[in-house]
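First comes the structure, then the notes that go with it.
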Amino acid sequence: MEKLFSQNMQQSRIFKNQGVLLPEFTPTVLLHRENELREVAASLKPALKNLKPQNMLLFGPTGTGKTSSVKLVFSELKEYSNKIQCIYLNCWGYPTKQAVLSHIAEQLKETLPRRGLADDEIFHRIIERLKFEKKIAIIALDEIDRLMHKNEVDVLYDLSRADENHRQIFAIIGITNSPEIYHSLDDRIKSSLGFRDLEFRQYSPQQLKDILKERARESLIAGSYSEEVIALCAAHGAKHKGDARVAIETLLQSALKADSADKSKIEISDVRDVIDKTSGASLMKNTAFMGENELLLLEILKEAKKRGNDLTSGEIYEKFNDQKRKQKKEAVSERSILSYLQLFEASRLISTELSTNTKSGLGKTRIIKLIK
Ligand SMILES: Nc1ncnc2c1ncn2[C@@H]1O[C@H](COP(=O)(O)OP(=O)(O)O)[C@@H](O)[C@H]1O
Ligand SMILES: [Mg+2]
């Protein structure tokens with residue numbers, strides 16, 4: 001009998017660990033970020049002596065390692081002390097004061113009643129919980145620009161003044177891809193936050209090459225790629241403002257292309273094809289290059305659009321995992337869905353807007369719409 005499954009069962013001759021090239025992978029080694037990592041660590045160091053750390057604002061173009069750096073410092077800090085509570089959140093998914101506070105409370109395992117609480121009450125519970133546990137909280141607010149609406153930005157003020165007002169130490173690490181943000185912050189908040197700036201500069205082509213080589217070593221089979229393949233992917237990233245994400249994504253797509261043609265080597269022509277067909281931001285827009293999760297997400301958004309339904313990220317998350325259940329596949333975390341949606345937004349596949357939560361009448365939610 002013919003070997004029905006031979007094609008599928010065959011081991012890849014390109015990948016040894018594809019996951020290392022996916023956007024959700026968090027590297028444990030960050031090349032060319034030694035200084036930045038040291039600076040972030042130095043600002044937080046007072047927390048180890050139970051003193052107030054310096055607030056920081058990390059800024060620089062996308063794909064320069066800001067998010068990865070903070071996550072790496074947090075994971076090391078966690079090993080060092082259990083009296084420091086590190087909480088990372090991306091304001092894209094939590095764009096309101098209430099959403100930020102609720103998320104912090106949740107991370108502290110503080111259960112909030114379903115009926116919802118006023119912001120002040122949530123804040124009060126956070127303080128009580130941290131005091132009880134004698135912990136300092138370090139809150140990383142990624143894409144902090146998403147929080148810069150008039151009524152929401154107060155949360156920064158509340159957090160940084162908690163020291164004087166409630167004798168509870170918080171530190172804030174803001175992260176933004178837009179350096180203008182700092183200048184648009186109002187003076188009251190600026191002076192009370194005392195942000196120390198830390199710029200992440202774009203990577204040079206050589207730095208991108210080093211980063212890619214390290215990734216390739218972990219994810220691809222030795223001999224399946226050449227120096228030239230790495231150099232071309234790095235050059236493409238360099239063209240996009242030194243964006244490591246673009247460089248890594250180009251390598252991933254090239255590897256997938258070679259793999260699906262059942263080749264044992266990624267060729268220069270594979271990389272060229274990927275670069276020609278797609279360019280930077282539009283990389284994600286090309287459905288030919290989407291993974292199964294992105295495609296399902298797109299399907300859900302199309303269906304909603306056809307019916308004229310507006311969906312919130314929470315509803316999308318539920319629908320998504322309903323489908324996964326039906327397919328008898330593993331559920332996907334809310335964080336992953338948010339990061340797919342962010343990529344969609346960056347690729348201008350979707351638009352988002354804030355709106356008042358019509359169900360609870362409390363707080364605001366983000367409405368997501370397919371463009372076109
Ligand atoms: N120095 C580095 N070493 C290894 N990988 C990196 C480095 N800098 C960035 N990356 C990778 O590039 C991608 C983008 O990095 P990220 O930290 O999300 O950048 P930013 O937050 O500045 O947009 C991630 O996949 C990350 O793993
Ligand atoms: Mg980031």
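Just remember, in the structure tokens the first chain shown is A, the second B, etc., residues are 1-based per chain, and ligands are 1-based in the order shown.
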
Using only C-alpha atoms and all ligand atoms, tabulate the residues of chain A lying at most 10 Å from any atom of ligand 2, each with its closest atom pair and that distance in Å to one decimal, by chain and increasing residue number, as JSON lines.
{"residue": "A:Leu58", "atom": "CA", "partner": "ligand 2", "partner_atom_place_in_ligand_line": "1 (Mg)", "distance": 9.9}
{"residue": "A:Phe59", "atom": "CA", "partner": "ligand 2", "partner_atom_place_in_ligand_line": "1 (Mg)", "distance": 9.5}
{"residue": "A:Gly60", "atom": "CA", "partner": "ligand 2", "partner_atom_place_in_ligand_line": "1 (Mg)", "distance": 9.5}
{"residue": "A:Pro61", "atom": "CA", "partner": "ligand 2", "partner_atom_place_in_ligand_line": "1 (Mg)", "distance": 9.0}
{"residue": "A:Thr62", "atom": "CA", "partner": "ligand 2", "partner_atom_place_in_ligand_line": "1 (Mg)", "distance": 6.3}
{"residue": "A:Gly63", "atom": "CA", "partner": "ligand 2", "partner_atom_place_in_ligand_line": "1 (Mg)", "distance": 6.7}
{"residue": "A:Thr64", "atom": "CA", "partner": "ligand 2", "partner_atom_place_in_ligand_line": "1 (Mg)", "distance": 8.0}
{"residue": "A:Gly65", "atom": "CA", "partner": "ligand 2", "partner_atom_place_in_ligand_line": "1 (Mg)", "distance": 6.9}
{"residue": "A:Lys66", "atom": "CA", "partner": "ligand 2", "partner_atom_place_in_ligand_line": "1 (Mg)", "distance": 5.6}
{"residue": "A:Thr67", "atom": "CA", "partner": "ligand 2", "partner_atom_place_in_ligand_line": "1 (Mg)", "distance": 4.2}
{"residue": "A:Ser68", "atom": "CA", "partner": "ligand 2", "partner_atom_place_in_ligand_line": "1 (Mg)", "distance": 7.2}
{"residue": "A:Ser69", "atom": "CA", "partner": "ligand 2", "partner_atom_place_in_ligand_line": "1 (Mg)", "distance": 9.3}
{"residue": "A:Val70", "atom": "CA", "partner": "ligand 2", "partner_atom_place_in_ligand_line": "1 (Mg)", "distance": 9.5}
{"residue": "A:Asn90", "atom": "CA", "partner": "ligand 2", "partner_atom_place_in_ligand_line": "1 (Mg)", "distance": 8.6}
{"residue": "A:Asp142", "atom": "CA", "partner": "ligand 2", "partner_atom_place_in_ligand_line": "1 (Mg)", "distance": 6.6}
{"residue": "A:Glu143", "atom": "CA", "partner": "ligand 2", "partner_atom_place_in_ligand_line": "1 (Mg)", "distance": 7.1}
{"residue": "A:Ile175", "atom": "CA", "partner": "ligand 2", "partner_atom_place_in_ligand_line": "1 (Mg)", "distance": 7.4}
{"residue": "A:Thr176", "atom": "CA", "partner": "ligand 2", "partner_atom_place_in_ligand_line": "1 (Mg)", "distance": 7.5}
{"residue": "A:Asn177", "atom": "CA", "partner": "ligand 2", "partner_atom_place_in_ligand_line": "1 (Mg)", "distance": 7.5}
{"residue": "A:Arg245", "atom": "CA", "partner": "ligand 2", "partner_atom_place_in_ligand_line": "1 (Mg)", "distance": 9.9}

Take the residues from that selection and put them in a file with C-alpha atoms, as a PDB file, in the first residue's frame.
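Below you can see selection-v6.pdb, which holds the result:
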ATOM      1  CA  LEU A  58      11.980  53.108  27.703  1.00  0.00           C
ATOM      2  CA  PHE A  59      11.581  54.405  24.192  1.00  0.00           C
ATOM      3  CA  GLY A  60      12.806  53.614  20.699  1.00  0.00           C
ATOM      4  CA  PRO A  61      11.489  52.165  17.429  1.00  0.00           C
ATOM      5  CA  THR A  62       9.686  48.821  17.329  1.00  0.00           C
ATOM      6  CA  GLY A  63      11.738  45.676  17.354  1.00  0.00           C
ATOM      7  CA  THR A  64      14.641  47.131  19.317  1.00  0.00           C
ATOM      8  CA  GLY A  65      14.196  44.784  22.261  1.00  0.00           C
ATOM      9  CA  LYS A  66      12.367  46.999  24.772  1.00  0.00           C
ATOM     10  CA  THR A  67       9.691  44.487  25.730  1.00  0.00           C
ATOM     11  CA  SER A  68      12.125  41.586  25.758  1.00  0.00           C
ATOM     12  CA  SER A  69      14.551  43.505  27.967  1.00  0.00           C
ATOM     13  CA  VAL A  70      11.950  44.273  30.608  1.00  0.00           C
ATOM     14  CA  ASN A  90       0.496  45.821  27.624  1.00  0.00           C
ATOM     15  CA  ASP A 142       4.086  48.506  27.682  1.00  0.00           C
ATOM     16  CA  GLU A 143       2.716  50.750  24.931  1.00  0.00           C
ATOM     17  CA  ILE A 175       7.547  51.524  27.398  1.00  0.00           C
ATOM     18  CA  THR A 176       6.720  53.310  24.169  1.00  0.00           C
ATOM     19  CA  ASN A 177       7.670  53.187  20.524  1.00  0.00           C
ATOM     20  CA  ARG A 245      11.105  41.408  14.555  1.00  0.00           C
TER      21      ARG A 245
END

Among the residues of range 45-256 of chain A, find those DSSP assigns to alpha helix (DSSP H) from the backbone and print them as a count of residues only. 106

Can you pull out the residues contacting Ser184 in chain A? Cut-off 10 Å, using only C-alpha atoms, and skip same-chain residues under 4 positions away; I want them as a PDB file with N, CA and C atoms, in the first residue's frame.
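Heads up, here's the output in out28.pdb:
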ATOM      1  N   ASP A 145       1.581  54.698  25.733  1.00  0.00           N
ATOM      2  CA  ASP A 145       0.868  55.750  24.985  1.00  0.00           C
ATOM      3  C   ASP A 145      -0.627  55.449  24.857  1.00  0.00           C
ATOM      4  N   MET A 148      -2.817  57.204  27.412  1.00  0.00           N
ATOM      5  CA  MET A 148      -2.676  58.654  27.534  1.00  0.00           C
ATOM      6  C   MET A 148      -3.958  59.442  27.291  1.00  0.00           C
ATOM      7  N   PRO A 179       8.789  58.427  20.969  1.00  0.00           N
ATOM      8  CA  PRO A 179       9.502  59.296  21.903  1.00  0.00           C
ATOM      9  C   PRO A 179       8.735  60.586  22.210  1.00  0.00           C
ATOM     10  N   GLU A 180       7.771  60.926  21.359  1.00  0.00           N
ATOM     11  CA  GLU A 180       7.023  62.172  21.585  1.00  0.00           C
ATOM     12  C   GLU A 180       6.155  62.073  22.839  1.00  0.00           C
ATOM     13  N   LYS A 190       4.463  64.435  35.148  1.00  0.00           N
ATOM     14  CA  LYS A 190       5.895  64.358  34.871  1.00  0.00           C
ATOM     15  C   LYS A 190       6.716  64.563  36.142  1.00  0.00           C
TER      16      LYS A 190
END

Of A:Leu343, A:Ala47, A:Ile126, A:Val271, the one sitting nearest ligand 1 when using only C-alpha atoms and all ligand atoms is A:Leu343

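For range 153-158 of chain A, the set of protein, DNA and RNA residues having any atom at most 9 Å away, when counting only C-alpha atoms and skipping those fewer than 5 positions along the same chain, is Thr96, Lys97, Gln98, Val100, Leu101, Phe123, Leu147, Met148, Asn165, Ile172, Leu185, Arg188, Ile189, Lys190, Ser192 and Leu193 of chain A.
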
Selected residues, N, CA and C atoms, written as a PDB file, in the first residue's frame, please.
ATOM      1  N   THR A  96      -7.403  51.257  29.830  1.00  0.00           N
ATOM      2  CA  THR A  96      -8.081  52.182  30.733  1.00  0.00           C
ATOM      3  C   THR A  96      -7.555  52.020  32.152  1.00  0.00           C
ATOM      4  N   LYS A  97      -7.815  53.039  32.953  1.00  0.00           N
ATOM      5  CA  LYS A  97      -7.407  53.007  34.349  1.00  0.00           C
ATOM      6  C   LYS A  97      -7.975  51.758  35.029  1.00  0.00           C
ATOM      7  N   GLN A  98      -9.251  51.522  34.772  1.00  0.00           N
ATOM      8  CA  GLN A  98      -9.900  50.379  35.401  1.00  0.00           C
ATOM      9  C   GLN A  98      -9.294  49.046  34.940  1.00  0.00           C
ATOM     10  N   VAL A 100      -6.278  48.527  33.826  1.00  0.00           N
ATOM     11  CA  VAL A 100      -4.934  48.380  34.392  1.00  0.00           C
ATOM     12  C   VAL A 100      -5.029  47.932  35.848  1.00  0.00           C
ATOM     13  N   LEU A 101      -5.861  48.624  36.625  1.00  0.00           N
ATOM     14  CA  LEU A 101      -5.980  48.277  38.047  1.00  0.00           C
ATOM     15  C   LEU A 101      -6.533  46.867  38.236  1.00  0.00           C
ATOM     16  N   PHE A 123      -8.070  50.050  43.685  1.00  0.00           N
ATOM     17  CA  PHE A 123      -6.758  50.563  44.078  1.00  0.00           C
ATOM     18  C   PHE A 123      -6.495  50.284  45.561  1.00  0.00           C
ATOM     19  N   LEU A 147      -2.478  54.631  27.072  1.00  0.00           N
ATOM     20  CA  LEU A 147      -3.133  55.000  28.327  1.00  0.00           C
ATOM     21  C   LEU A 147      -3.249  56.514  28.454  1.00  0.00           C
ATOM     22  N   MET A 148      -2.817  57.204  27.412  1.00  0.00           N
ATOM     23  CA  MET A 148      -2.676  58.654  27.534  1.00  0.00           C
ATOM     24  C   MET A 148      -3.958  59.442  27.291  1.00  0.00           C
ATOM     25  N   ASN A 165       1.041  58.812  49.923  1.00  0.00           N
ATOM     26  CA  ASN A 165      -0.345  58.754  50.385  1.00  0.00           C
ATOM     27  C   ASN A 165      -0.699  57.492  51.170  1.00  0.00           C
ATOM     28  N   ILE A 172       7.232  52.336  38.285  1.00  0.00           N
ATOM     29  CA  ILE A 172       6.631  52.187  36.962  1.00  0.00           C
ATOM     30  C   ILE A 172       7.727  52.155  35.911  1.00  0.00           C
ATOM     31  N   LEU A 185       3.246  64.348  28.015  1.00  0.00           N
ATOM     32  CA  LEU A 185       2.745  64.114  29.374  1.00  0.00           C
ATOM     33  C   LEU A 185       2.579  65.442  30.112  1.00  0.00           C
ATOM     34  N   ARG A 188       2.260  67.997  35.796  1.00  0.00           N
ATOM     35  CA  ARG A 188       1.956  67.473  37.122  1.00  0.00           C
ATOM     36  C   ARG A 188       2.423  66.010  37.217  1.00  0.00           C
ATOM     37  N   ILE A 189       2.058  65.238  36.208  1.00  0.00           N
ATOM     38  CA  ILE A 189       2.418  63.821  36.211  1.00  0.00           C
ATOM     39  C   ILE A 189       3.923  63.656  36.034  1.00  0.00           C
ATOM     40  N   LYS A 190       4.463  64.435  35.148  1.00  0.00           N
ATOM     41  CA  LYS A 190       5.895  64.358  34.871  1.00  0.00           C
ATOM     42  C   LYS A 190       6.716  64.563  36.142  1.00  0.00           C
ATOM     43  N   SER A 192       5.804  64.338  39.239  1.00  0.00           N
ATOM     44  CA  SER A 192       5.624  63.348  40.292  1.00  0.00           C
ATOM     45  C   SER A 192       6.161  61.975  39.882  1.00  0.00           C
ATOM     46  N   LEU A 193       6.250  61.726  38.604  1.00  0.00           N
ATOM     47  CA  LEU A 193       6.764  60.429  38.174  1.00  0.00           C
ATOM     48  C   LEU A 193       8.286  60.382  38.137  1.00  0.00           C
TER      49      LEU A 193
END

Which is closest to ligand 1 among A:Met290, A:Leu31, A:Leu338, A:Ile139, if we use only C-alpha atoms and all ligand atoms?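 Nearest to ligand 1: A:Leu31.
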
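Counting only C-alpha atoms, Lys209 in chain A has the following residues at most 8 Å away, ignoring those fewer than 2 positions along the same chain: A:Pro205, A:Gln206, A:Gln207, A:Ile211, A:Leu212, A:Lys213, A:Ile230, A:Ala231, A:Ala234.
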
Quick one: DSSP strand (DSSP E) residues in range 25-148 of chain A, as number ranges by chain? A: 56-59, 84-90, 136-142

Have a look at A:Asn50, A:Glu110, A:Ile181, A:Phe25 and name the one nearest to His149 in chain A; count only C-alpha atoms.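 So, comparing all the options, the nearest one is A:Ile181.
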
With only C-alpha atoms as the atoms that count, which of A:Lys52, A:Leu37, A:Pro113, A:Pro46 lies nearest to Asp163 in chain A?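 Once distances to Asp163 in chain A are computed over only C-alpha atoms, the minimum belongs to A:Lys52.
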
Find the residues near Lys369 in chain A: any atom within 12 Å, counting only C-alpha atoms, skip ones fewer than 2 places away on the same chain, and give them as an MDAnalysis selection string. chainID A and resid 297:298 300:306 308:313 316 341 344:345 348:354 366:367 371:372
